[in-house]
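*Asks:* Here it is, the structure, as structure tokens.
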4 protein chains.
Amino acid sequence: MLAELKESVWKANLDLAKSGLVILTFGNVSGIDRRRGILAIKPSGVPYDALKADDIVLVDLEGNLVEGWLNPSSDTPTHIEIYKAFPEVGGVAHAHSTYATMFAQARREIPCFGTTHADHFHGPVPLTRLLVESEIAAGYERNTGRIIVERFAGLDPLEVPAVLVAGHGPFTWGRTAADAVETALVLEQTAQMAFGAMALDPHLAPLDACIQEKHFTRKHGPDAYYGQKKEDRRD
Amino acid sequence: MLAELKESVWKANLDLAKSGLVILTFGNVSGIDRRRGILAIKPSGVPYDALKADDIVLVDLEGNLVEGWLNPSSDTPTHIEIYKAFPEVGGVAHAHSTYATMFAQARREIPCFGTTHADHFHGPVPLTRLLVESEIAAGYERNTGRIIVERFAGLDPLEVPAVLVAGHGPFTWGRTAADAVETALVLEQTAQMAFGAMALDPHLAPLDACIQEKHFTRKHGPDAYYGQKKEDRRD
Amino acid sequence: MLAELKESVWKANLDLAKSGLVILTFGNVSGIDRRRGILAIKPSGVPYDALKADDIVLVDLEGNLVEGWLNPSSDTPTHIEIYKAFPEVGGVAHAHSTYATMFAQARREIPCFGTTHADHFHGPVPLTRLLVESEIAAGYERNTGRIIVERFAGLDPLEVPAVLVAGHGPFTWGRTAADAVETALVLEQTAQMAFGAMALDPHLAPLDACIQEKHFTRKHGPDAYYGQKKEDRRD
Amino acid sequence: MLAELKESVWKANLDLAKSGLVILTFGNVSGIDRRRGILAIKPSGVPYDALKADDIVLVDLEGNLVEGWLNPSSDTPTHIEIYKAFPEVGGVAHAHSTYATMFAQARREIPCFGTTHADHFHGPVPLTRLLVESEIAAGYERNTGRIIVERFAGLDPLEVPAVLVAGHGPFTWGRTAADAVETALVLEQTAQMAFGAMALDPHLAPLDACIQEKHFTRKHGPDAYYGQKKEDRRD
């Protein structure tokens with residue numbers, strides 16, 4: 001069932017591992033079939049080099065198992081909250097990548113200091129609040145998804161396709177599982193460049209709004225002119 | 001004798017080298033057969049690419065050679081002290097991995113700043129005291145083991161499977177030699193993330209206790225739900 | 001048409017990707033045939049592993065397409081301004097390499113702190129000013145080229161073959177596309193070494209002028225004695 | 001002539017390149033035949049992947065070419081000064097490795113903060129003074145060797161087999177060319193660990209003398225007990 005989706009999610013998980021963003025079994029990627037309301041996600045705790053396309057687990061948006069002989073990622077309820085709140089999102093990735101996690105641990109958003117950032121994220125990469133004790137005690141992973149959604153009030157999740165969960169790490173997303181992994185890679189690079197720029201100048205101001213806008217709209221939206229003709233572009 | 005143990009210790013030593021945590025002949029891994037009271041350990045100063053399973057040395061818990069034509073690692077007495085004090089430990093790894101060693105050299109424990117840390121270590125990664133001159137002059141390696149054990153008064157070594165020896169570097173352990181190496185890898189990643197978080201905010205407070213607890217118990221103990229069914233999980 | 005130039009530009013783009021200076025489709029390299037006034041450049045947004053020599057686009061110095069079925073890099077007008085102002089330049093490279101971009105984002109030039117820098121750059125690596133709003137609104141990429149050229153008033157572009165565009169990243173150049181890529185690699189290494197030296201001493205003064213001069217002239221100009229006989233040297 | 005020496009020096013140069021300590025043509029390694037007073041050294045500016053054993057150049061201790069069709073490394077006079085002053089040295093390596101060069105550029109010696117350092121260097125890694133203008137104007141490379149030798153007054157070059165040339169970078173040495181390269185690798189690792197420890201505590205004091213002494217003598221001298229029987233040990 002949904003063999004193509006499972007294949008693409010499997011491949012996206014392997015790409016995440018090959019990118020160097022995860023060690024051991026850290027991290028997971030999912031994709032969704034919006035028509036059926038079913039998502040495909042990495043099984044929990046399975047090493048990437050042993051992972052087969054058939055190991056990918058199918059669950060519905062209430063978290064019920066649809067197909068698979070392994071437990072889905074323990075972060076599945078977080079993915080589900082993202083899919084439920086952001087209808088245009090088709091794939092979600094979670095990694096504990098080094099520099100993005102440093103910002104999450106220091107509880108700082110990533111300001112836009114340059115065009116590398118502006119090319120991919122429309123504004124700073126936002127930081128969630130911390131969960132309170134009752135939100136941790138029951139429904140922890142679902143509540144992690146909820147504070148992500150809460151933080152995006154007023155934000156377009158496809159214009160800012162990443163978040164830092166305070167004290168935890170980044171989640172990224174996009175139209176497909178492959179897009180979510182690509183954004184995870186860009187986020188890590190962006191985080192490292194911001195880290196270094198802040199070391200060179202701890203009081204550095206963000207890039208002017210007009211050039212941020214220019215770079216974002218150069219790659220995204222109706223006036224985009226980066227890349228090849230629209231049908232071929234991934235953004 | 002104990003061919004299976006020697007094979008697993010040999011493999012764990014190679015995994016340590018492949019992980020990028022050691023250069024040259026730095027680092028060593030051992031495993032123990034608890035029933036016989038014999039441990040298998042890397043020979044001293046032998047390059048990893050020349051190491052064969054048969055080169056692994058067997059010694060007893062008094063440090064006497066049981067089998068092997070090479071000298072055991074000069075850190076063998078440290079490993080022995082750990083095995084003697086922590087009866088549930090089945091494997092020990094020692095590396096001079098870059099970020100963990102920075103903390104050991106700066107004589108700072110690694111605070112728990114995020115869930116990556118909390119998933120693996122129940123509380124901060126502890127730091128030993130420095131050895132005094134008489135402890136260095138005689139029985140240096142055994143005394144290194146003793147200050148590790150001394151530091152773990154009141155701590156469960158399987159809940160905090162790592163230590164930083166002040167001015168030296170990390171030791172990690174687990175139920176098997178492979179577990180000890182895996183923890184060495186997680187420790188290095190954790191140390192780098194803490195290093196960066198502290199650079200972003202030198203006065204950063206640790207993560208709230210309740211989320212630390214949540215993440216640790218999600219992966220460890222009777223209520224763990226991370227990963228696959230209990231028989232398959234490694235933790 | 002110009003098959004040899006396209007081949008060398010294609011190879012230089014692949015070398016840039018292999019060097020680790022770019023991720024995804026970040027970065028682009030061009031080369032010019034001065035006699036015909038035609039430049040060869042990477043197509044926009046095409047992944048490096050799918051790039052073929054035939055995909056390289058030919059454009060003239062007014063930016064008109066001469067040959068190719070893909071859009072040229074969106075940075076083409078920046079390359080053109082550099083070629084028009086610096087007649088000895090035969091190749092241009094653009095990357096968002098990590099450490100050079102940190103300096104560009106922090107809006108700091110790279111001072112000459114050591115002989116690694118002095119061997120390749122005659123003085124600090126300069127930083128452009130920021131673009132003003134009207135320069136961003138219309139002709140953004142061409143204006144990026146213009147502020148580079150503006151910054152080089154009084155500088156010899158072959159003696160200082162690199163610039164940091166404020167808030168953006170580095171451009172490098174040389175007699176050929178291959179030279180431009182090699183300089184991109186040296187710039188990144190130089191930037192990382194300067195970053196670390198400034199972390200060790202935030203008030204560090206540049207290297208004395210006389211040793212800067214010595215190292216530069218050891219490798220460049222009529223009295224150069226580094227490397228092999230003149231015909232074989234690339235600088 | 002001296003085919004074995006040329007082969008070992010060629011291999012040591014390739015090992016330096018493979019170690020990741022050099023990019024492009026940065027760095028060079030030499031070895032000496034003490035009986036004949038002839039040294040073998042990398043030719044100047046030749047890329048490592050094109051280097052053949054036969055390209056290695058032979059020169060005498062006055063710097064006269066003995067054999068070879070390429071120019072020797074421009075740093076040859078520095079190597080010669082080291083060989084002339086330190087009769088037990090059989091190999092010399094020069095790299096612009098990242099962290100060691102940061103210290104050289106910041107004009108700071110590398111204090112001994114841990115046992116990784118103490119295992120290989122008996123005391124801090126020393127820093128030379130800067131050259132004065134007249135020393136740069138004439139005999140620059142020879143004078144670089146002379147300030148290294150000057151700095152080692154009262155030091156045993158085999159107990160401290162490395163130096164940082166102020167504003168330039170490290171030179172390392174040992175009984176053979178291979179030893180010099182191995183020390184270059186250890187120096188880089190040591191420098192990175194010191195860099196990080198100083199970031200965690202800018203006022204960090206060096207390791208106590210007694211443990212420094214213990215670790216050094218554990219691996220070096222008549223009471224060494226690290227590694228295998230003396231004939232097999234490389235230190």
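Residue names in the structure tokens use chain letters A, B, ... in the order shown, residue numbers from 1 in each chain, and ligand numbers from 1 in the order shown.
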Looking only at strand (DSSP E) from DSSP on the backbone, list the matching residues of stretch 125-221 of chain A as a PyMOL selection string.

*Replies:* chain A and resi 162-165+169-174

*Asks:* For chain C against chain A, with a cut-off of 7 Å and counting only C-alpha atoms, what is the closest atom pair and its distance in Å to one decimal for every residue that makes the cut, ordered by chain and number, as a tab-separated table?

*Replies:*
```
residue	atom	partner	partner_atom	distance
C:Ser44	CA	A:Gly227	CA	4.4
C:Gly45	CA	A:Gly227	CA	4.2
C:Leu70	CA	A:Gln228	CA	6.7
C:Asn71	CA	A:Gln228	CA	6.0
C:Ser74	CA	A:Tyr226	CA	5.8
C:Thr98	CA	A:Met193	CA	6.0
C:Thr101	CA	A:Met193	CA	6.8
C:Met102	CA	A:Ala197	CA	4.7
C:Phe103	CA	A:Ala197	CA	6.5
C:Gln105	CA	A:Gly114	CA	5.5
C:Ala106	CA	A:Ala197	CA	5.0
C:Glu133	CA	A:Cys210	CA	6.5
C:Ile136	CA	A:Ile211	CA	6.5
C:Gly167	CA	A:Gly114	CA	4.6
C:His168	CA	A:Thr115	CA	5.1
```

*Asks:* Convert the current residue selection to file output with N, CA and C atoms, as a PDB file, in the first residue's frame.

*Replies:*
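Saved to selection.pdb:
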```pdb
ATOM      1  N   SER C  44      21.420  28.127 -13.903  1.00  0.00           N
ATOM      2  CA  SER C  44      20.843  28.429 -12.589  1.00  0.00           C
ATOM      3  C   SER C  44      20.165  27.208 -11.968  1.00  0.00           C
ATOM      4  N   GLY C  45      20.467  26.944 -10.696  1.00  0.00           N
ATOM      5  CA  GLY C  45      19.702  25.962  -9.925  1.00  0.00           C
ATOM      6  C   GLY C  45      19.845  24.521 -10.350  1.00  0.00           C
ATOM      7  N   LEU C  70      19.365  26.312 -21.143  1.00  0.00           N
ATOM      8  CA  LEU C  70      18.994  26.561 -19.746  1.00  0.00           C
ATOM      9  C   LEU C  70      19.241  28.029 -19.412  1.00  0.00           C
ATOM     10  N   ASN C  71      18.573  28.529 -18.362  1.00  0.00           N
ATOM     11  CA  ASN C  71      18.852  29.897 -17.902  1.00  0.00           C
ATOM     12  C   ASN C  71      20.246  29.944 -17.278  1.00  0.00           C
ATOM     13  N   SER C  74      21.628  33.102 -11.953  1.00  0.00           N
ATOM     14  CA  SER C  74      21.030  34.412 -11.678  1.00  0.00           C
ATOM     15  C   SER C  74      22.101  35.439 -11.311  1.00  0.00           C
ATOM     16  N   THR C  98      31.610  28.551   4.238  1.00  0.00           N
ATOM     17  CA  THR C  98      31.186  28.831   5.615  1.00  0.00           C
ATOM     18  C   THR C  98      31.911  30.004   6.281  1.00  0.00           C
ATOM     19  N   THR C 101      31.806  33.441   4.442  1.00  0.00           N
ATOM     20  CA  THR C 101      30.463  34.018   4.566  1.00  0.00           C
ATOM     21  C   THR C 101      30.230  34.581   5.966  1.00  0.00           C
ATOM     22  N   MET C 102      30.797  33.941   6.989  1.00  0.00           N
ATOM     23  CA  MET C 102      30.687  34.515   8.344  1.00  0.00           C
ATOM     24  C   MET C 102      31.236  35.949   8.373  1.00  0.00           C
ATOM     25  N   PHE C 103      32.410  36.144   7.761  1.00  0.00           N
ATOM     26  CA  PHE C 103      32.992  37.495   7.720  1.00  0.00           C
ATOM     27  C   PHE C 103      32.102  38.437   6.910  1.00  0.00           C
ATOM     28  N   GLN C 105      28.911  38.229   6.487  1.00  0.00           N
ATOM     29  CA  GLN C 105      27.702  38.504   7.262  1.00  0.00           C
ATOM     30  C   GLN C 105      27.982  39.452   8.431  1.00  0.00           C
ATOM     31  N   ALA C 106      29.154  39.298   9.045  1.00  0.00           N
ATOM     32  CA  ALA C 106      29.529  40.194  10.153  1.00  0.00           C
ATOM     33  C   ALA C 106      30.047  41.530   9.627  1.00  0.00           C
ATOM     34  N   GLU C 133      18.551  50.754  -0.993  1.00  0.00           N
ATOM     35  CA  GLU C 133      17.272  50.174  -1.406  1.00  0.00           C
ATOM     36  C   GLU C 133      17.033  50.258  -2.918  1.00  0.00           C
ATOM     37  N   ILE C 136      18.856  47.680  -4.833  1.00  0.00           N
ATOM     38  CA  ILE C 136      18.300  46.331  -4.674  1.00  0.00           C
ATOM     39  C   ILE C 136      17.057  46.177  -5.540  1.00  0.00           C
ATOM     40  N   GLY C 167      26.959  41.115   3.829  1.00  0.00           N
ATOM     41  CA  GLY C 167      25.678  40.452   4.027  1.00  0.00           C
ATOM     42  C   GLY C 167      25.410  39.314   3.061  1.00  0.00           C
ATOM     43  N   HIS C 168      26.357  38.990   2.213  1.00  0.00           N
ATOM     44  CA  HIS C 168      26.133  37.989   1.181  1.00  0.00           C
ATOM     45  C   HIS C 168      27.215  36.891   1.262  1.00  0.00           C
TER      46      HIS C 168
END
```

*Asks:* How many Å separate atom CA of C:Ala138 from atom CA of C:Asp60?

*Replies:*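 Value for the atom CA of C:Ala138-atom CA of C:Asp60 distance: 20.6 Å.
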
*Asks:* I'd like the neighbourhood of C:Pro170 as a PDB file with N, CA and C atoms, in the first residue's frame, where a residue qualifies if any of its atoms comes within 7 Å (using only C-alpha atoms), though same-chain residues fewer than 4 positions away should be ignored.

*Replies:*
```pdb
ATOM      1  N   HIS C  94      31.876  31.985  -7.362  1.00  0.00           N
ATOM      2  CA  HIS C  94      31.055  32.467  -6.255  1.00  0.00           C
ATOM      3  C   HIS C  94      30.612  31.270  -5.432  1.00  0.00           C
ATOM      4  N   ALA C  95      30.857  31.348  -4.127  1.00  0.00           N
ATOM      5  CA  ALA C  95      30.424  30.283  -3.226  1.00  0.00           C
ATOM      6  C   ALA C  95      29.881  30.940  -1.970  1.00  0.00           C
ATOM      7  N   HIS C  96      29.092  30.197  -1.219  1.00  0.00           N
ATOM      8  CA  HIS C  96      28.707  30.658   0.119  1.00  0.00           C
ATOM      9  C   HIS C  96      29.499  29.814   1.112  1.00  0.00           C
ATOM     10  N   ALA C 100      34.229  32.281   5.104  1.00  0.00           N
ATOM     11  CA  ALA C 100      34.244  33.536   4.351  1.00  0.00           C
ATOM     12  C   ALA C 100      32.884  34.225   4.464  1.00  0.00           C
ATOM     13  N   THR C 101      31.806  33.441   4.442  1.00  0.00           N
ATOM     14  CA  THR C 101      30.463  34.018   4.566  1.00  0.00           C
ATOM     15  C   THR C 101      30.230  34.581   5.966  1.00  0.00           C
ATOM     16  N   ALA C 162      39.945  38.461  -4.491  1.00  0.00           N
ATOM     17  CA  ALA C 162      38.761  38.045  -3.730  1.00  0.00           C
ATOM     18  C   ALA C 162      38.112  39.251  -3.090  1.00  0.00           C
ATOM     19  N   VAL C 163      36.818  39.143  -2.866  1.00  0.00           N
ATOM     20  CA  VAL C 163      36.073  40.206  -2.187  1.00  0.00           C
ATOM     21  C   VAL C 163      34.971  39.547  -1.367  1.00  0.00           C
ATOM     22  N   LEU C 164      34.585  40.218  -0.291  1.00  0.00           N
ATOM     23  CA  LEU C 164      33.412  39.797   0.475  1.00  0.00           C
ATOM     24  C   LEU C 164      32.295  40.793   0.210  1.00  0.00           C
ATOM     25  N   VAL C 165      31.179  40.338  -0.334  1.00  0.00           N
ATOM     26  CA  VAL C 165      30.024  41.216  -0.509  1.00  0.00           C
ATOM     27  C   VAL C 165      29.270  41.248   0.823  1.00  0.00           C
TER      28      VAL C 165
END
```
